[in-house]
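Q: Okay, so here is data.cif, and as you'll see once you scroll down, it has mmCIF, C-alpha atoms.
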```cif
data_coords
loop_
_atom_site.label_atom_id
_atom_site.label_comp_id
_atom_site.auth_asym_id
_atom_site.auth_seq_id
_atom_site.Cartn_x
_atom_site.Cartn_y
_atom_site.Cartn_z
CA MET D 925 244.48 -42.26 81.88
CA GLN D 926 247.00 -41.36 79.23
CA SER D 927 244.70 -38.79 77.65
CA THR D 928 244.16 -37.17 81.07
CA TYR D 929 247.92 -36.90 81.56
CA ALA D 930 248.36 -35.44 78.08
CA ARG D 931 245.59 -32.92 78.80
CA ASP D 932 247.24 -31.91 82.08
CA VAL D 933 250.58 -31.40 80.35
CA LEU D 934 248.87 -29.27 77.70
CA VAL D 935 247.13 -27.15 80.35
CA VAL D 936 250.39 -26.55 82.24
CA ARG D 937 252.21 -25.66 79.02
CA ARG D 938 249.42 -23.31 77.95
CA THR D 939 249.35 -21.76 81.40
CA TRP D 940 253.01 -20.79 81.47
CA ARG D 941 252.84 -19.55 77.90
CA ALA D 942 249.76 -17.45 78.66
CA GLN D 943 251.34 -16.11 81.84
CA ALA D 944 254.55 -15.20 80.02
CA ILE D 945 252.61 -13.33 77.31
CA SER D 946 250.43 -11.61 79.94
CA LEU D 947 253.53 -10.49 81.84
CA LEU D 948 255.59 -9.08 78.94
CA GLY D 949 253.54 -5.88 78.60
CA PRO D 950 253.19 -5.05 82.34
CA LEU D 951 256.89 -5.79 82.92
CA THR D 952 257.84 -3.37 80.16
CA ILE D 953 255.48 -0.73 81.59
CA ALA D 954 256.95 -1.30 85.06
CA ALA D 955 260.48 -0.89 83.65
CA GLY D 956 259.46 2.49 82.21
CA PHE D 957 257.96 3.60 85.55
CA VAL D 958 261.00 2.47 87.52
CA TRP D 959 263.21 4.44 85.13
CA ALA D 960 260.99 7.51 85.49
CA ILE D 961 261.18 7.27 89.28
CA ALA D 962 264.95 6.70 89.24
CA GLN D 963 265.57 9.62 86.87
CA PRO D 964 262.61 12.01 87.24
CA TYR D 965 264.51 14.76 85.42
CA ARG D 966 264.06 12.69 82.24
CA ILE D 967 260.31 13.38 82.42
CA THR D 968 260.14 16.88 80.98
CA LEU D 969 256.37 17.01 81.53
CA LEU D 970 257.06 17.37 85.26
CA HIS D 971 258.72 20.73 84.62
CA PRO D 972 257.38 21.84 81.23
CA HIS D 973 258.25 25.56 81.34
CA HIS D 974 260.63 26.83 78.64
CA GLN D 975 260.76 23.40 76.95
CA GLY D 976 260.51 23.00 73.20
CA PHE D 977 258.12 20.67 71.39
CA TRP D 978 260.50 17.72 71.08
CA TRP D 979 261.50 17.80 74.76
CA LEU D 980 257.84 17.54 75.68
CA ALA D 981 256.91 14.99 73.02
CA VAL D 982 259.78 12.51 73.25
CA GLU D 983 260.63 11.32 76.76
CA ALA D 984 262.51 8.04 76.92
CA PRO D 985 260.86 6.45 80.01
CA LEU D 986 257.43 7.29 78.62
CA LEU D 987 258.39 5.66 75.30
CA VAL D 988 259.11 2.44 77.22
CA VAL D 989 255.73 2.70 78.95
CA PHE D 990 254.09 3.32 75.56
CA ALA D 991 255.78 0.23 74.06
CA GLY D 992 254.53 -1.86 76.99
CA LEU D 993 250.99 -0.50 76.68
CA PHE D 994 250.96 -1.13 72.93
CA PHE D 995 252.15 -4.69 73.42
CA ALA D 996 249.71 -5.41 76.26
CA PHE D 997 246.60 -4.10 74.52
CA VAL D 998 247.24 -4.57 70.79
CA ILE D 999 249.38 -7.71 70.71
CA ALA D 1000 248.95 -9.70 73.92
CA ARG D 1001 245.13 -9.66 74.10
CA PRO D 1002 244.39 -11.23 70.70
CA LEU D 1003 247.43 -13.49 71.10
CA LEU D 1004 246.04 -14.88 74.37
CA ALA D 1005 242.70 -15.51 72.69
CA ASP D 1006 244.46 -17.41 69.90
CA LEU D 1007 246.49 -19.35 72.44
CA GLU D 1008 243.25 -20.30 74.22
CA GLU D 1009 241.67 -21.30 70.93
CA ALA D 1010 244.68 -23.41 69.93
CA HIS D 1011 244.52 -25.08 73.31
CA GLY D 1012 240.82 -25.82 72.82
CA THR D 1013 241.48 -27.31 69.39
CA ALA D 1014 244.29 -29.47 70.76
CA ARG D 1015 241.91 -30.79 73.41
CA MET Y 488 262.90 21.90 63.80
CA GLU Y 489 264.56 18.49 63.91
CA PRO Y 490 264.62 16.68 67.24
CA PRO Y 491 267.99 16.37 69.00
CA ALA Y 492 269.97 13.31 67.87
CA GLU Y 493 269.50 11.59 71.24
CA MET Y 494 265.73 11.62 70.74
CA VAL Y 495 266.11 9.93 67.37
CA HIS Y 496 268.10 7.23 69.16
CA TRP Y 497 265.30 6.84 71.73
CA LEU Y 498 262.65 6.58 69.02
CA PHE Y 499 264.63 3.88 67.23
CA ALA Y 500 265.17 2.20 70.63
CA THR Y 501 261.38 2.01 70.96
CA GLY Y 502 261.20 0.34 67.56
CA LEU Y 503 263.87 -2.17 68.59
CA LEU Y 504 262.11 -2.80 71.93
CA LEU Y 505 258.86 -3.56 70.11
CA LEU Y 506 260.75 -5.81 67.67
CA GLY Y 507 262.22 -7.69 70.63
CA LEU Y 508 258.81 -8.03 72.32
CA PHE Y 509 257.18 -9.32 69.13
CA LEU Y 510 259.94 -11.87 68.56
CA LEU Y 511 259.88 -12.93 72.23
CA ALA Y 512 256.11 -13.43 72.08
CA GLU Y 513 256.51 -15.52 68.91
CA VAL Y 514 259.06 -17.72 70.70
CA VAL Y 515 256.73 -18.17 73.68
CA VAL Y 516 253.57 -19.12 71.79
CA GLY Y 517 255.24 -20.82 68.83
CA PRO Y 518 255.03 -19.83 65.16
CA GLU Y 519 251.71 -21.63 64.55
CA VAL Y 520 249.77 -19.63 67.14
CA TRP Y 521 251.67 -16.42 66.29
CA ARG Y 522 250.61 -16.72 62.65
CA ALA Y 523 247.01 -17.61 63.50
CA ARG Y 524 246.16 -14.04 62.53
CA ARG Y 525 247.67 -13.01 59.23
CA TRP Y 526 248.56 -9.44 60.26
CA ARG Y 527 250.68 -10.69 63.15
CA ALA Y 528 252.98 -12.62 60.84
CA TYR Y 529 253.80 -9.37 59.04
CA LEU Y 530 254.31 -7.43 62.24
CA TRP Y 531 258.03 -7.65 62.97
CA PRO Y 532 259.27 -7.83 59.37
CA GLY Y 533 257.03 -4.84 58.61
CA LEU Y 534 258.40 -2.91 61.58
CA ALA Y 535 261.98 -3.65 60.48
CA PHE Y 536 261.12 -2.40 56.98
CA VAL Y 537 259.48 0.78 58.31
CA MET Y 538 262.49 1.45 60.56
CA GLY Y 539 264.62 1.20 57.42
CA LEU Y 540 262.35 3.75 55.74
CA PHE Y 541 262.67 6.14 58.68
CA MET Y 542 266.44 5.82 58.49
CA TRP Y 543 266.40 7.81 55.23
CA PRO Y 544 265.29 11.11 56.85
CA VAL Y 545 267.90 10.45 59.53
CA MET Y 546 270.47 10.20 56.75
CA ALA Y 547 269.22 13.40 55.13
CA PHE Y 548 268.83 15.60 58.23
CA TYR Y 549 271.65 14.38 60.49
CA THR Y 550 274.55 14.58 58.08
CA ASN Y 551 277.39 15.71 60.34
CA SER Y 552 279.91 14.28 57.91
CA ALA Y 553 280.14 12.10 54.81
CA ILE Y 554 280.82 9.03 56.95
CA HIS Y 555 277.56 9.69 58.88
CA MET Y 556 275.68 9.83 55.60
CA TYR Y 557 277.18 6.56 54.39
CA ALA Y 558 276.49 4.86 57.74
CA HIS Y 559 272.85 5.93 57.96
CA GLY Y 560 272.31 5.26 54.26
CA SER Y 561 273.70 1.73 54.50
CA TRP Y 562 271.53 1.06 57.60
CA ALA Y 563 268.47 2.21 55.71
CA GLN Y 564 269.30 -0.11 52.83
CA VAL Y 565 270.08 -3.25 54.84
CA LEU Y 566 267.14 -2.74 57.23
CA MET Y 567 264.75 -2.41 54.29
CA LEU Y 568 266.38 -5.39 52.58
CA ALA Y 569 266.14 -7.62 55.68
CA GLY Y 570 262.60 -6.46 56.52
CA GLY Y 571 261.51 -6.77 52.90
CA ALA Y 572 263.01 -10.26 52.56
CA GLU Y 573 261.25 -11.44 55.72
CA LEU Y 574 257.99 -9.91 54.46
CA GLY Y 575 258.43 -11.79 51.17
CA LEU Y 576 259.11 -15.03 53.02
CA VAL Y 577 256.05 -14.62 55.26
CA HIS Y 578 253.86 -13.78 52.28
CA GLY Y 579 255.18 -16.72 50.28
CA ARG Y 580 256.56 -14.64 47.42
CA LEU Y 581 260.05 -15.73 48.43
CA THR Y 582 260.63 -19.37 49.18
CA SER Y 583 264.38 -19.88 49.46
CA LYS Y 584 265.65 -20.08 53.03
CA TRP Y 585 268.76 -18.22 51.91
CA TRP Y 586 266.77 -14.96 52.01
CA HIS Y 587 267.08 -15.21 55.80
CA LEU Y 588 270.77 -14.40 55.27
CA THR Y 589 269.73 -10.77 54.80
CA MET Y 590 269.28 -10.50 58.60
CA PRO Y 591 272.86 -11.41 59.58
CA LEU Y 592 273.96 -9.16 56.73
CA ALA Y 593 271.93 -6.31 58.24
CA PHE Y 594 273.52 -6.97 61.64
CA ALA Y 595 277.04 -7.05 60.19
CA VAL Y 596 276.60 -3.90 58.11
CA THR Y 597 274.95 -2.08 61.03
CA GLY Y 598 277.74 -3.08 63.43
CA THR Y 599 280.45 -2.06 60.97
CA ALA Y 600 278.73 1.25 60.25
CA PHE Y 601 278.39 2.00 63.98
CA LEU Y 602 282.12 1.38 64.50
CA VAL Y 603 283.28 3.17 61.38
CA HIS Y 604 281.22 6.34 61.84
CA GLU Y 605 282.21 6.77 65.50
CA GLN Y 606 285.45 8.67 65.16
CA ASN Y 607 286.02 9.31 68.87
CA ARG Y 608 287.58 6.90 71.35
CA TRP Y 609 285.49 4.83 73.83
CA TYR Y 610 285.59 7.24 76.81
CA PHE Y 611 285.23 10.48 74.83
CA ALA Y 612 281.57 10.77 75.88
CA ARG Y 613 278.62 8.48 76.52
CA SER Y 614 277.45 8.55 72.91
CA ALA Y 615 280.92 7.50 71.69
CA PHE Y 616 281.04 4.68 74.23
CA LEU Y 617 277.59 3.46 73.26
CA HIS Y 618 278.37 3.59 69.56
CA HIS Y 619 281.39 1.34 70.15
CA VAL Y 620 279.38 -1.06 72.36
CA LEU Y 621 276.47 -1.11 69.91
CA GLY Y 622 278.79 -1.74 66.98
CA TRP Y 623 280.52 -4.68 68.61
CA THR Y 624 277.23 -6.08 69.93
CA PHE Y 625 275.71 -5.99 66.44
CA LEU Y 626 278.80 -7.63 64.95
CA VAL Y 627 279.00 -10.43 67.52
CA ALA Y 628 275.22 -10.95 67.58
CA ALA Y 629 275.21 -11.37 63.77
CA VAL Y 630 276.17 -14.97 64.52
CA ILE Y 631 272.69 -15.62 66.00
CA PRO Y 632 270.58 -14.90 62.87
CA LEU Y 633 273.30 -16.61 60.83
CA VAL Y 634 272.96 -19.87 62.76
CA LEU Y 635 269.16 -19.44 62.75
CA VAL Y 636 269.24 -19.77 58.95
CA PHE Y 637 270.36 -23.37 59.43
CA ARG Y 638 268.46 -24.11 62.66
CA PRO Y 639 265.28 -21.99 62.37
CA ARG Y 640 263.33 -23.76 65.13
CA ALA Y 641 266.02 -23.65 67.83
CA ILE Y 642 264.25 -22.12 70.85
CA VAL Y 643 267.48 -20.94 72.51
CA LEU Y 644 268.66 -19.16 69.37
CA ARG Y 645 265.26 -17.57 68.71
CA SER Y 646 265.11 -16.38 72.32
CA ALA Y 647 268.65 -15.00 72.05
CA PHE Y 648 267.70 -13.25 68.81
CA ALA Y 649 264.69 -11.61 70.47
CA LEU Y 650 266.60 -10.61 73.59
CA THR Y 651 269.38 -9.12 71.45
CA PHE Y 652 266.91 -6.48 70.25
CA VAL Y 653 265.84 -5.74 73.84
CA VAL Y 654 269.48 -5.31 74.90
CA LEU Y 655 270.20 -3.10 71.88
CA ALA Y 656 267.12 -1.02 72.75
CA CYS Y 657 268.40 -0.53 76.32
CA MET Y 658 271.75 0.67 74.95
CA LEU Y 659 270.08 3.13 72.60
CA TYR Y 660 267.86 4.45 75.42
CA CYS Y 661 271.04 5.23 77.40
CA ASP Y 662 272.31 7.50 74.64
CA ARG Y 663 272.66 11.22 75.33
CA ASP Y 664 274.11 13.86 73.01
CA LEU Y 665 276.52 15.09 75.64
CA ALA Y 666 276.97 13.18 78.89
CA PRO Y 667 279.78 11.46 80.77
CA VAL Y 668 280.32 7.70 80.73
CA PHE Y 669 281.57 6.12 83.96
CA GLY Y 670 282.76 9.56 85.04
CA HIS Y 671 284.67 10.21 81.81
CA LEU Y 672 283.91 13.12 79.54
CA SER Y 673 286.43 14.69 77.22
CA PRO Y 674 286.72 18.49 77.60
CA LEU Y 675 286.57 18.57 73.79
CA ALA Y 676 283.03 17.16 73.87
CA GLY Y 677 281.49 20.33 75.35
CA VAL Y 678 279.37 21.14 78.39
CA PRO Y 679 276.89 18.40 79.37
CA HIS Y 680 273.25 19.33 79.70
CA ARG Y 681 270.49 17.81 81.81
#
```
Go ahead and express the file in the form of structure tokens.
A:
Amino acid sequence: MQSTYARDVLVVRRTWRAQAISLLGPLTIAAGFVWAIAQPYRITLLHPHHQGFWWLAVEAPLLVVFAGLFFAFVIARPLLADLEEAHGTAR
Amino acid sequence: MEPPAEMVHWLFATGLLLLGLFLLAEVVVGPEVWRARRWRAYLWPGLAFVMGLFMWPVMAFYTNSAIHMYAHGSWAQVLMLAGGAELGLVHGRLTSKWWHLTMPLAFAVTGTAFLVHEQNRWYFARSAFLHHVLGWTFLVAAVIPLVLVFRPRAIVLRSAFALTFVVLACMLYCDRDLAPVFGHLSPLAGVPHR
């Protein structure tokens, strides 16, 4: 009985941790998109004529989206696998 | 050929945002799971160190005045020191917990440098306002890594430390070379652009 309870607690804890990690990247990406929609003039790619290299390469809302994408695909994915593995070991 | 100064701020904001996300993820999963893969343990100290390295070209190419050079140079040094110390601690080369003091030192030096090298008053322009806010935020937030030296496993403090970087990133993203702040823009600042 006790071991079942302990297992349930572990599952719940793992679940919220996994959900939090899964959400960090998409939330960051969403923040970048919301910013881009709120201030479309910050996206120079939408009106690229007569813009220099830096104005086309460095656009703040897109940098936020990039950070979210990097976190979601490079950090969160293996981290979730490790979290799952740690959970399996604890069981 | 150099990018406008505001873009350099945005690039460093991206670095700070990633730092915040890494630290937040470490708080969520716990240090054991975070360090399950060796490379991940080096991630945020390495990023801090690299940001320190990139601060050197900023010092060299954005020297508006001597005080700018000193400010950017001191940031480069303390960022590399803090990042390097954390790398040494993760690797095991450094063992004393007192090396963690390099982080509050980095915060304090960064905050002071922000305040000292901003010669204009708060409402001169947006960049001046943000430099003042960033400086005071860094100075006040230096308390968090300082207390973390003595209570390294405190979840609230570690979360606050991570979120500090996210907040600082948001401030840096708001920076523009020439833009009003809350409707204020000094006529001495120039004509705002897009």
Q: Give me, as JSON lines, the closest atom pair and its distance (Å, one decimal) for every residue of chain Y within a cut-off of 7 Å of chain D, counting all atoms listed in the file, rows sorted by chain and rising number.
A:
```
{"residue": "Y:Pro490", "atom": "CA", "partner": "D:Trp978", "partner_atom": "CA", "distance": 5.7}
{"residue": "Y:Met494", "atom": "CA", "partner": "D:Val982", "partner_atom": "CA", "distance": 6.5}
{"residue": "Y:Trp497", "atom": "CA", "partner": "D:Ala984", "partner_atom": "CA", "distance": 6.0}
{"residue": "Y:Thr501", "atom": "CA", "partner": "D:Leu987", "partner_atom": "CA", "distance": 6.4}
{"residue": "Y:Leu505", "atom": "CA", "partner": "D:Ala991", "partner_atom": "CA", "distance": 6.3}
{"residue": "Y:Ala512", "atom": "CA", "partner": "D:Ile945", "partner_atom": "CA", "distance": 6.3}
{"residue": "Y:Val515", "atom": "CA", "partner": "D:Arg941", "partner_atom": "CA", "distance": 5.9}
{"residue": "Y:Val516", "atom": "CA", "partner": "D:Arg941", "partner_atom": "CA", "distance": 6.2}
{"residue": "Y:Val520", "atom": "CA", "partner": "D:Leu1007", "partner_atom": "CA", "distance": 6.2}
{"residue": "Y:Ala523", "atom": "CA", "partner": "D:Asp1006", "partner_atom": "CA", "distance": 6.9}
{"residue": "Y:Tyr660", "atom": "CA", "partner": "D:Ala984", "partner_atom": "CA", "distance": 6.6}
```
Q: I need the residues from that last selection saved to file as a PDB file, keeping the file's coordinate frame (with C-alpha atoms), if you can.
A:
```
ATOM      1  CA  PRO Y 490     264.620  16.680  67.240  1.00  0.00           C
ATOM      2  CA  MET Y 494     265.730  11.620  70.740  1.00  0.00           C
ATOM      3  CA  TRP Y 497     265.300   6.840  71.730  1.00  0.00           C
ATOM      4  CA  THR Y 501     261.380   2.010  70.960  1.00  0.00           C
ATOM      5  CA  LEU Y 505     258.860  -3.560  70.110  1.00  0.00           C
ATOM      6  CA  ALA Y 512     256.110 -13.430  72.080  1.00  0.00           C
ATOM      7  CA  VAL Y 515     256.730 -18.170  73.680  1.00  0.00           C
ATOM      8  CA  VAL Y 516     253.570 -19.120  71.790  1.00  0.00           C
ATOM      9  CA  VAL Y 520     249.770 -19.630  67.140  1.00  0.00           C
ATOM     10  CA  ALA Y 523     247.010 -17.610  63.500  1.00  0.00           C
ATOM     11  CA  TYR Y 660     267.860   4.450  75.420  1.00  0.00           C
TER      12      TYR Y 660
END
```
Q: Measuring atom to atom with all atoms listed in the file, identify which of Y:Phe637, Y:Leu508, Y:Gly571, Y:Glu493 is nearest to Pro950 of chain D.
A: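 Once distances to Pro950 of chain D are computed over all atoms listed in the file, the minimum belongs to Y:Leu508.
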Q: Run the PyMOL selection byres ((chain Y and resi 585) around 12) mentally over the shown coordinates, then write out the matched residues as a PDB file with C-alpha atoms, in the coordinates of the input, using the chain letters and numbers from the document.
A:
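Final output, saved to selection.pdb:
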```
ATOM      1  CA  ALA Y 569     266.140  -7.620  55.680  1.00  0.00           C
ATOM      2  CA  ALA Y 572     263.010 -10.260  52.560  1.00  0.00           C
ATOM      3  CA  GLU Y 573     261.250 -11.440  55.720  1.00  0.00           C
ATOM      4  CA  LEU Y 576     259.110 -15.030  53.020  1.00  0.00           C
ATOM      5  CA  LEU Y 581     260.050 -15.730  48.430  1.00  0.00           C
ATOM      6  CA  THR Y 582     260.630 -19.370  49.180  1.00  0.00           C
ATOM      7  CA  SER Y 583     264.380 -19.880  49.460  1.00  0.00           C
ATOM      8  CA  LYS Y 584     265.650 -20.080  53.030  1.00  0.00           C
ATOM      9  CA  TRP Y 586     266.770 -14.960  52.010  1.00  0.00           C
ATOM     10  CA  HIS Y 587     267.080 -15.210  55.800  1.00  0.00           C
ATOM     11  CA  LEU Y 588     270.770 -14.400  55.270  1.00  0.00           C
ATOM     12  CA  THR Y 589     269.730 -10.770  54.800  1.00  0.00           C
ATOM     13  CA  MET Y 590     269.280 -10.500  58.600  1.00  0.00           C
ATOM     14  CA  PRO Y 591     272.860 -11.410  59.580  1.00  0.00           C
ATOM     15  CA  LEU Y 592     273.960  -9.160  56.730  1.00  0.00           C
ATOM     16  CA  PRO Y 632     270.580 -14.900  62.870  1.00  0.00           C
ATOM     17  CA  LEU Y 633     273.300 -16.610  60.830  1.00  0.00           C
ATOM     18  CA  VAL Y 634     272.960 -19.870  62.760  1.00  0.00           C
ATOM     19  CA  LEU Y 635     269.160 -19.440  62.750  1.00  0.00           C
ATOM     20  CA  VAL Y 636     269.240 -19.770  58.950  1.00  0.00           C
ATOM     21  CA  PHE Y 637     270.360 -23.370  59.430  1.00  0.00           C
ATOM     22  CA  PRO Y 639     265.280 -21.990  62.370  1.00  0.00           C
TER      23      PRO Y 639
END
```
Q: Leu986 of chain D: which residues within 12 Å, counting all atoms listed in the file, same-chain residues fewer than 6 positions away excluded, as a PyMOL selection string?
A: (chain D and resi 952-961+963-964+966-969+979-980+992-993) or (chain Y and resi 497-498+501+660)
Q: Restricted to C-alpha atoms, what would the selected residues look like written as a tab-separated table (two decimals), keeping the file's coordinate frame?
A:
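Saved file part01.tsv follows:
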```
chain	number	residue	atom	x	y	z
D	952	THR	CA	257.84	-3.37	80.16
D	953	ILE	CA	255.48	-0.73	81.59
D	954	ALA	CA	256.95	-1.30	85.06
D	955	ALA	CA	260.48	-0.89	83.65
D	956	GLY	CA	259.46	2.49	82.21
D	957	PHE	CA	257.96	3.60	85.55
D	958	VAL	CA	261.00	2.47	87.52
D	959	TRP	CA	263.21	4.44	85.13
D	960	ALA	CA	260.99	7.51	85.49
D	961	ILE	CA	261.18	7.27	89.28
D	963	GLN	CA	265.57	9.62	86.87
D	964	PRO	CA	262.61	12.01	87.24
D	966	ARG	CA	264.06	12.69	82.24
D	967	ILE	CA	260.31	13.38	82.42
D	968	THR	CA	260.14	16.88	80.98
D	969	LEU	CA	256.37	17.01	81.53
D	979	TRP	CA	261.50	17.80	74.76
D	980	LEU	CA	257.84	17.54	75.68
D	992	GLY	CA	254.53	-1.86	76.99
D	993	LEU	CA	250.99	-0.50	76.68
Y	497	TRP	CA	265.30	6.84	71.73
Y	498	LEU	CA	262.65	6.58	69.02
Y	501	THR	CA	261.38	2.01	70.96
Y	660	TYR	CA	267.86	4.45	75.42
```
Q: Can you list, as a list of chain:residue names, every protein, DNA or RNA residue that comes within 9 Å of segment 545-558 of chain Y when you count only C-alpha atoms, leaving out same-chain residues fewer than 2 positions away?
A: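 Counting only C-alpha atoms, the residues come to Y:Glu489, Y:Ala492, Y:Val495, Y:Phe541, Y:Met542, Y:Trp543, Y:Gly560, Y:Ser561, Y:Trp562, Y:Ala563, Y:Val596, Y:Thr597, Y:Thr599, Y:Ala600, Y:Phe601, Y:Val603, Y:His604, Y:Glu605.
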Q: Suppose you want the space between atom CA of Ser614 of chain Y and atom CA of Val627 of chain Y; what is it in Å?
A: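 A separation of 19.8 Å between them.
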Q: Can you pull out the residues contacting segment 647-655 of chain Y? Cut-off 6 Å, using only C-alpha atoms, and skip same-chain residues under 6 positions away; I want them as number ranges by chain.
A: Y: 503-504, 507, 510-511
Q: Could you please determine the separation between atom CA of Phe611 of chain Y and atom CA of His671 of chain Y in Å, to one decimal place?
A: 7.0 Å
Q: I'd like the interatomic distance between atom CA of Leu617 of chain Y and atom CA of Leu566 of chain Y, to a tenth of an Å.
A: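 Here the two named atoms are 20.1 Å from each other.
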Q: Let me know the residues the PyMOL selection byres ((chain Y and resi 667) around 12) catches in the file above, as number ranges by chain.
A: Y: 609-617, 661-666, 668-674, 676-681
Q: Would you pick out the contacts of Gly622 of chain Y at 7 Å or less, using only C-alpha atoms, so that residues sharing its chain but fewer than 2 positions from it are not included, and give the list as a ChimeraX atom specification?
A: /Y:598-599,601-602,618-620,624-626
Q: Please, what is the axis-aligned box for every listed atom of segment 978-982 of chain D with 5 Å on each side, as centre and edge lengths in Å to one decimal, as AutoDock Vina command-line options?
A:
```
--center_x 259.2 --center_y 15.2 --center_z 73.4 --size_x 14.6 --size_y 15.3 --size_z 14.6
```
